[in-house]
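Engineer: What follows is a structure written as C-alpha cells; I'll ask about it next.
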Amino acid sequence: MARMKFLCDADRCIECNACVTACKNEHEVPWGINRRRVVTINDGLPGERSVSMACMHCTDAPCAAVCPVNCFYTTDDAVVLHNKDTCIGCGYCFFACPFGAPQYPQVGNFGTRGKMDKCTYCSGGPEADMSQAEYVKYGANRLAEGKLPICAEMCSTKALLAGDGDIIAEIYRERVVTRGYGSGAWGWRTAYGDTVTV
Amino acid sequence: MAGRLFPLAAGAALALGLSAEAQDLGGHGGPVGALAAAGALVLSGSFDTRAILWDAPEATARRVLRFHDGAVTATAILPDGALATGGQDGRVAIWAATGTEPRLTGTPHRAPVGALAVTPDGGTLLAAGWDGQVQRIELATGAITLDPAHRDRIAGLGVLADGRIVTVGSDLRLTLRAPDLTLLAAADLPDLPNGLAIAGEAVAVVFADGALRSFTPEGALRPERFLTDRPLVAVAASADTVAAAAVDGTVWVLDLPDLGVRHRIEPGQGPVWALALSGETLLTGGADGMIRRWSLASGAPLGTGAAAPAEQFDDGSRGAEIWRACAVCHSLTPEGGNRAGPSLHGIFGRRIASLPGYDFSPALRAMHLTWTPETVAALFERGPESYTPGSRMPEQRLSDPEDRRALTDFLARMTR
C-alpha cells in the first residue's frame with residue numbers, strides 16, 4: 001500500500017480557492033464547514049505566501065491521541081479517518097490539530113455537540129465503500145474509485161499535490177531544483193516528521 | 001482534615017471527593033478545559049458542563065455553576081468577585097458574587113467561546129468566539145458590541161494594563177485593538193496559534209508547531225522557544241513567568257523575557273487543556289478532570305498527585321470495549337457520581353430522567369419511558385436524536401445488533 005500524503009507548495013499557490021470549492025462540491029459539505037481552507041500570510045506585502053490547509057493525515061496523529069472515545073483510525077493507505085457514530089463532538093481534537101482541520105457544525109441539532117467533520121482524503125469513512133450511508137456522513141470515496149483527492153486534482157497550479165508520499169516528494173524536489181528556490185513543503189515536517197530534502 | 005463542601009447551586013449535587021491534604025482539586029466529571037485564578041479563588045470549567053468556584057487554600061468547592069449546554073470552555077474572575085463563564089454552546093454568562101443564576105448573559109456566538117478577558121477597571125468583559133467575533137459586554141449596563149475581529153476561530157484574547165486588547169486567530173493574524181475595539185495594528189503569525197496570555201507588556205502565544213513565541217502588542221516577534229514537536233494547547237503568564245502545556249501533557253515553566261526554561265513538569269493527567277498562575281502556584285487542568293497545583297519556585301507538586309478516581313470495568317468483553325466511549329460522560333457506580341451525563345448505576349427498571357441530583361433536560365423529564373435492556377438497545381439503534389428528542393446526549397448509534405446486545409449485557413452486569 002502507498003503511504004498517501006498531501007504536499008502544499010507555497011511558492012505555487014495563487015489563492016484561487018479551487019481546492020476549497022471543489023471539496024465543498026464533491027462532498028456536499030454543509031454550510032459553515034470548510035474541510036479545506038486557504039490562508040495567506042503577508043497579504044499584499046513582499047514575501048506573501050498562501051497555503052491550502054486541511055487535515056494532513058499525520059503519521060502520529062495528535063487528534064487520535066487525545067480523542068476520549070477513540071473515534072479515529074488509520075487506513076491501510078495511512079489516511080486518518082474518524083467514526084461519526086462514536087464522536088461526541090467534544091472539540092479536543094481541534095486543539096490538538098496542528099492544522100486546525102477538525103470542523104464542527106455551527107448549529108447542532110442535538111444541543112451543541114455536533115459531530116466533528118474533517119478532510120477524509122476523499123476516502124469516505126467506516127461505512128461500506130461508496131454506499132449512500134458513507135456519502136451522507138463522510139462524502140465521496142474517490143480512493144475506492146481509483147481516484148485521488150479532488151482538491152489536488154482541481155488545483156490550477158498544482159501547488160497542492162496528493163498521492164504516494166515518495167512520488168509527490170520527488171515531484172517537489174524536481175521543481176525546486178528546476179526553479180532554483182523553494183520555501184519548503186508547508187506542514188510536511190509537522191505532519192510526517194521529516195523534511196523534503198533537496 | 002476532612003474535605004468540606006460548601007453549599008452548591010441548586011440541582012447541582014456533585015460527589016466531590018475533596019481532601020485538603022491532597023491539595024489537588026477534584027470534582028469535575030470530565031476534562032478541565034478552563035481555569036482562572038484570583039487570590040484564593042480558582043474558577044474552573046469542564047466538559048461536564050459545570051463551572052466550579054474553588055477556595056484554593058482550603059481545597060473546597062464554594063459554588064457549582066450550571067448554565068451551559070455543553071462544555072464550559074472559558075472562565076474569568078472579575079475584580080468585584082463576580083464570575084464569567086463561556087461555553088461550547090456559544091453563550092457567555094456573568095454571575096454575581098452570590099446566587100444560582102447568571103445576572104447577565106451576552107449575545108450567543110455562533111460557535112464555542114474560546115476565551116474571556118476582563119478590562120483592568122473591571123467594567124468590561126470581552127469574549128472571543130470560534131466564529132471570529134469579539135464581544136464586548138459593558139457590565140454595568142449590559143450593552144454589547146460585536147466586532148468581526150478574525151476570519152476564523154479566535155484562539156486567544158488578552159487585555160493589556162492600558163486597556164488595549166490583543167487577539168490571535170486561526171487566520172494566522174494577531175490584532176491589537178483599542179478598548180472600543182478599533183483596530184490599531186495587525187501582524188501575521190508564523191503558525192497556527194492555540195492560546196494567548198498577557199505577560200506585562202509582552203504577549204505570549206502558544207502555537208501548534210510546538211513553539212512558545214512572545215510578541216510586542218503590535219505583533220513584533222520577541223524571543224521564541226521551540227519546546228516540543230507536539231502542539232502546545234494552553235498558556236498562562238504573569239509579569240515574569242510564563243507556563244505552556246503541550247497536548248501530550250508536558251508543562252514548561254519559563255522565565256520572561258528570555259524564555260529560559262525554569263521547570264519541565266509531567267503532571268501525568270493526560271492532555272493538559274488549561275493553565276493558571278496564582279502567586280507562586282501553577283494550576284494545571286487535565287483530561288482526568290483534576291486540577292493539580294505546582295510550586296513555581298521548585299516545579300514540585302503541591303498535592304499528592306493521586307490519580308483521579310477512575311472506574312476500571314474492563315472485563316475483556318465486547319460490551320466493555322463499547323463502554324469505553326460511554327465512560328467519558330457516565331459512571332457505573334454511585335461513587336462515580338454524575339458527570340456530563342447521569343450515573344448509570346441501577347439504570348434498568350428506572351424511569352427516564354428520574355435520578356435525583358442530575359439536571360435532566362425538560363424534554364427528557366416529560367417522557368414516559370423506563371430503561372430496560374430493550375429500550376437502551378433501541379436508544380442506540382435509532383440514536384438519541386430520534387429516540388429521546390431534546391436530549392443533550394451526543395448522537396450515538398450502534399448499527400450492529402450484536403454490539404447493542406453486548407452493551408446491554410455489560411450494563412446489566414455492572415450497574416446492579
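Letters A, B, ... go to the chains of the C-alpha cells in the order shown; residues in each chain start at 1; ligands are counted from 1 in the same order.
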Can you work out which residues from chain A touch chain B at a cut-off of 9 Å (counting only C-alpha atoms) and hand them back as an MDAnalysis selection string?
Structural biologist: chainID A and resid 39:43 62 65:66 68:71 84:92 95:100 104:107 109:115 190 193
Engineer: Tell me, as a ChimeraX atom specification, which residues lie within 6 Å of Gly124 of chain A, counting only C-alpha atoms; anything in the same chain fewer than 2 positions away does not count.
Structural biologist: /A:120,122,138-141
Engineer: Would you pick out the contacts of His150 of chain B at 7 Å or less, using only C-alpha atoms, so that residues sharing its chain but fewer than 3 positions from it are not included, and give the list as a short mmCIF file (atom, residue, chain, number, x, y, z; two decimals) with C-alpha atoms, in the first residue's frame?
Structural biologist:
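Writing done, so here's part-v6.cif:
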```
data_model
loop_
_atom_site.label_atom_id
_atom_site.label_comp_id
_atom_site.auth_asym_id
_atom_site.auth_seq_id
_atom_site.Cartn_x
_atom_site.Cartn_y
_atom_site.Cartn_z
CA GLY B 132 -14.12 35.01 14.79
CA GLN B 133 -16.15 37.58 16.72
CA ILE B 154 -10.12 33.29 17.73
CA GLY B 169 -6.74 33.74 15.38
CA ASP B 171 -6.41 33.12 10.22
#
```
Engineer: Kindly give the distance, in Å, that separates atom CA of Ser156 of chain A and atom CA of Cys19 of chain A, rounded to a single decimal.
Structural biologist: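 Between atom CA of Ser156 of chain A and atom CA of Cys19 of chain A the gap is 8.7 Å.
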Engineer: For Ile52 of chain B, work out the shell of residues within 10 Å, counting only C-alpha atoms and skipping chain neighbours fewer than 4 positions away, then give it as a list in words.
Structural biologist: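 Everything that qualifies: Leu8, Ala9, Gly27, His28, Leu35, Val42, Leu43, Ser44, Gly45, Ser46, Thr60, Ala61, Arg62, Arg63, Val64, Leu65, Arg66 and Thr75 of chain B.
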Engineer: Given only C-alpha atoms as the basis, pick out the residue of B:Pro267, B:Pro148, B:Pro102, B:Gly158 nearest to Leu302 of chain B.
Structural biologist: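 Once distances to Leu302 of chain B are computed over only C-alpha atoms, the minimum belongs to B:Pro267.
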Engineer: Apply DSSP to the backbone of this structure and, from segment 220-333 of chain B, keep only the residues in helix (DSSP H, G or I); write these as a CSV table (one decimal) with N, CA and C atoms, in the first residue's frame.
Structural biologist:
```csv
chain,number,residue,atom,x,y,z
B,318,ARG,N,-16.8,-7.6,24.8
B,318,ARG,CA,-17.1,-6.6,23.7
B,318,ARG,C,-17.9,-5.4,24.3
B,319,GLY,N,-18.8,-5.8,25.3
B,319,GLY,CA,-19.5,-4.7,25.9
B,319,GLY,C,-18.6,-3.7,26.6
B,320,ALA,N,-17.6,-4.2,27.3
B,320,ALA,CA,-16.7,-3.3,28.0
B,320,ALA,C,-15.9,-2.4,27.0
B,321,GLU,N,-15.6,-3.0,25.8
B,321,GLU,CA,-14.9,-2.2,24.8
B,321,GLU,C,-15.8,-1.1,24.3
B,322,ILE,N,-17.1,-1.4,24.1
B,322,ILE,CA,-18.0,-0.3,23.7
B,322,ILE,C,-18.2,0.7,24.8
B,323,TRP,N,-18.2,0.2,26.0
B,323,TRP,CA,-18.5,1.1,27.1
B,323,TRP,C,-17.4,2.2,27.3
B,324,ARG,N,-16.2,2.0,26.8
B,324,ARG,CA,-15.2,3.0,26.9
B,324,ARG,C,-15.6,4.4,26.4
B,325,ALA,N,-16.4,4.4,25.3
B,325,ALA,CA,-16.8,5.7,24.8
B,325,ALA,C,-17.9,6.3,25.7
B,326,CYS,N,-18.7,5.5,26.3
B,326,CYS,CA,-19.8,6.0,27.2
B,326,CYS,C,-19.2,6.5,28.5
```
Engineer: Show which residues sit within 10 Å of Thr74 of chain A, as a list in words. Count only C-alpha atoms, and ignore same-chain residues fewer than 6 positions away.
Structural biologist: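 Near Thr74 of chain A, the qualifying residues are His57, Cys58, Thr59, Asp60, Ala61, Ala64, Val80, Leu81 and His82 of chain A.
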Engineer: Considering only C-alpha atoms, return as a PyMOL selection string whatever protein or nucleic-acid residues lie within 8 Å of Ala204 of chain B, sequence-local ones (same chain, fewer than 2 positions apart) excluded.
Structural biologist: chain B and resi 196-199+202+206+212-215+235+237+242
Engineer: Could you save those same residues with N, CA and C atoms as a PDB file, in the first residue's frame?
Structural biologist:
```
ATOM      1  N   LEU B 196      -3.242  32.536  24.130  1.00  0.00           N
ATOM      2  CA  LEU B 196      -2.522  33.789  24.343  1.00  0.00           C
ATOM      3  C   LEU B 196      -2.587  34.150  25.811  1.00  0.00           C
ATOM      4  N   ALA B 197      -1.498  34.725  26.335  1.00  0.00           N
ATOM      5  CA  ALA B 197      -1.511  35.236  27.700  1.00  0.00           C
ATOM      6  C   ALA B 197      -0.720  36.537  27.732  1.00  0.00           C
ATOM      7  N   ILE B 198      -1.181  37.468  28.539  1.00  0.00           N
ATOM      8  CA  ILE B 198      -0.501  38.751  28.672  1.00  0.00           C
ATOM      9  C   ILE B 198       0.539  38.637  29.777  1.00  0.00           C
ATOM     10  N   ALA B 199       1.758  39.040  29.460  1.00  0.00           N
ATOM     11  CA  ALA B 199       2.861  38.994  30.424  1.00  0.00           C
ATOM     12  C   ALA B 199       3.477  40.383  30.497  1.00  0.00           C
ATOM     13  N   ALA B 202       4.401  42.200  27.296  1.00  0.00           N
ATOM     14  CA  ALA B 202       4.603  41.213  26.239  1.00  0.00           C
ATOM     15  C   ALA B 202       3.352  40.352  26.076  1.00  0.00           C
ATOM     16  N   VAL B 206       1.077  30.476  22.352  1.00  0.00           N
ATOM     17  CA  VAL B 206       1.490  29.092  22.093  1.00  0.00           C
ATOM     18  C   VAL B 206       0.972  28.668  20.724  1.00  0.00           C
ATOM     19  N   LEU B 212       6.660  28.382  21.699  1.00  0.00           N
ATOM     20  CA  LEU B 212       6.121  29.479  22.505  1.00  0.00           C
ATOM     21  C   LEU B 212       6.814  30.737  22.007  1.00  0.00           C
ATOM     22  N   ARG B 213       6.022  31.686  21.539  1.00  0.00           N
ATOM     23  CA  ARG B 213       6.605  32.915  20.995  1.00  0.00           C
ATOM     24  C   ARG B 213       6.062  34.104  21.768  1.00  0.00           C
ATOM     25  N   SER B 214       6.945  35.079  22.013  1.00  0.00           N
ATOM     26  CA  SER B 214       6.479  36.305  22.641  1.00  0.00           C
ATOM     27  C   SER B 214       6.511  37.422  21.606  1.00  0.00           C
ATOM     28  N   PHE B 215       5.560  38.314  21.725  1.00  0.00           N
ATOM     29  CA  PHE B 215       5.403  39.407  20.768  1.00  0.00           C
ATOM     30  C   PHE B 215       5.245  40.712  21.534  1.00  0.00           C
ATOM     31  N   VAL B 235      -1.686  28.153  27.778  1.00  0.00           N
ATOM     32  CA  VAL B 235      -0.650  29.095  28.215  1.00  0.00           C
ATOM     33  C   VAL B 235      -1.224  29.956  29.332  1.00  0.00           C
ATOM     34  N   ALA B 237       0.391  33.333  32.049  1.00  0.00           N
ATOM     35  CA  ALA B 237       1.576  34.174  32.268  1.00  0.00           C
ATOM     36  C   ALA B 237       1.332  35.175  33.381  1.00  0.00           C
ATOM     37  N   VAL B 242       6.015  32.519  32.461  1.00  0.00           N
ATOM     38  CA  VAL B 242       5.014  32.015  31.526  1.00  0.00           C
ATOM     39  C   VAL B 242       5.035  30.492  31.606  1.00  0.00           C
TER      40      VAL B 242
END
```
Engineer: Quote the spacing between atom CA of Gly349 of chain B and atom CA of Thr370 of chain B in Å to one decimal place.
Structural biologist: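 Between these atoms lies a distance of 6.0 Å.
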Engineer: Determine which residues of chain A DSSP labels as strand (DSSP E) from the backbone of this structure, then write them out as a list of chain:residue names.
Structural biologist: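 So, restricting chain A to strand (DSSP E), we get A:Met4, A:Lys5, A:Phe6, A:Leu7, A:Cys8, A:Asp9, A:Arg37, A:Val38, A:Val39, A:Thr40, A:Ile41, A:Arg49, A:Ser50, A:Val51, A:Ser52, A:Met53, A:Phe72, A:Tyr73, A:Thr74, A:Val80, A:Leu81, A:His82, A:Leu160, A:Leu161, A:Ala162, A:Gly163, A:Asp164, A:Ala185, A:Trp186.
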Engineer: So, counting only C-alpha atoms, which residue among A:Asn17, A:Asn25, A:Thr195, A:Asn83 is closest to Ser50 of chain A?
Structural biologist: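 Checking each candidate against Ser50 of chain A, we get A:Asn17 as the closest.
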Engineer: Go through A:Leu148, A:Val198, A:Leu161, A:Ala78 one by one, measure the shortest atom-to-atom distance of each to Val176 of chain A using only C-alpha atoms, and give the residue with the smallest value.
Structural biologist: A:Val198
Engineer: Grab the atom CA of Val205 of chain B to atom CA of Asp194 of chain A distance for me, in Å with one decimal place.
Structural biologist: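 Separation of atom CA of Val205 of chain B and atom CA of Asp194 of chain A: 24.9 Å.
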Engineer: Point out the residue among B:Leu256, B:Leu146, B:Ile352, B:Ala236 with the least atom-to-atom distance to Ala274 of chain B, counting only C-alpha atoms.
Structural biologist: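 Closest to Ala274 of chain B of all the choices is B:Ala236.
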Engineer: As a PyMOL selection string, please: the residues near Phe348 of chain B (cut-off 9 Å, only C-alpha atoms, same-chain neighbours under 4 positions excluded).
Structural biologist: chain B and resi 344+370-373+376+411-412+415-416
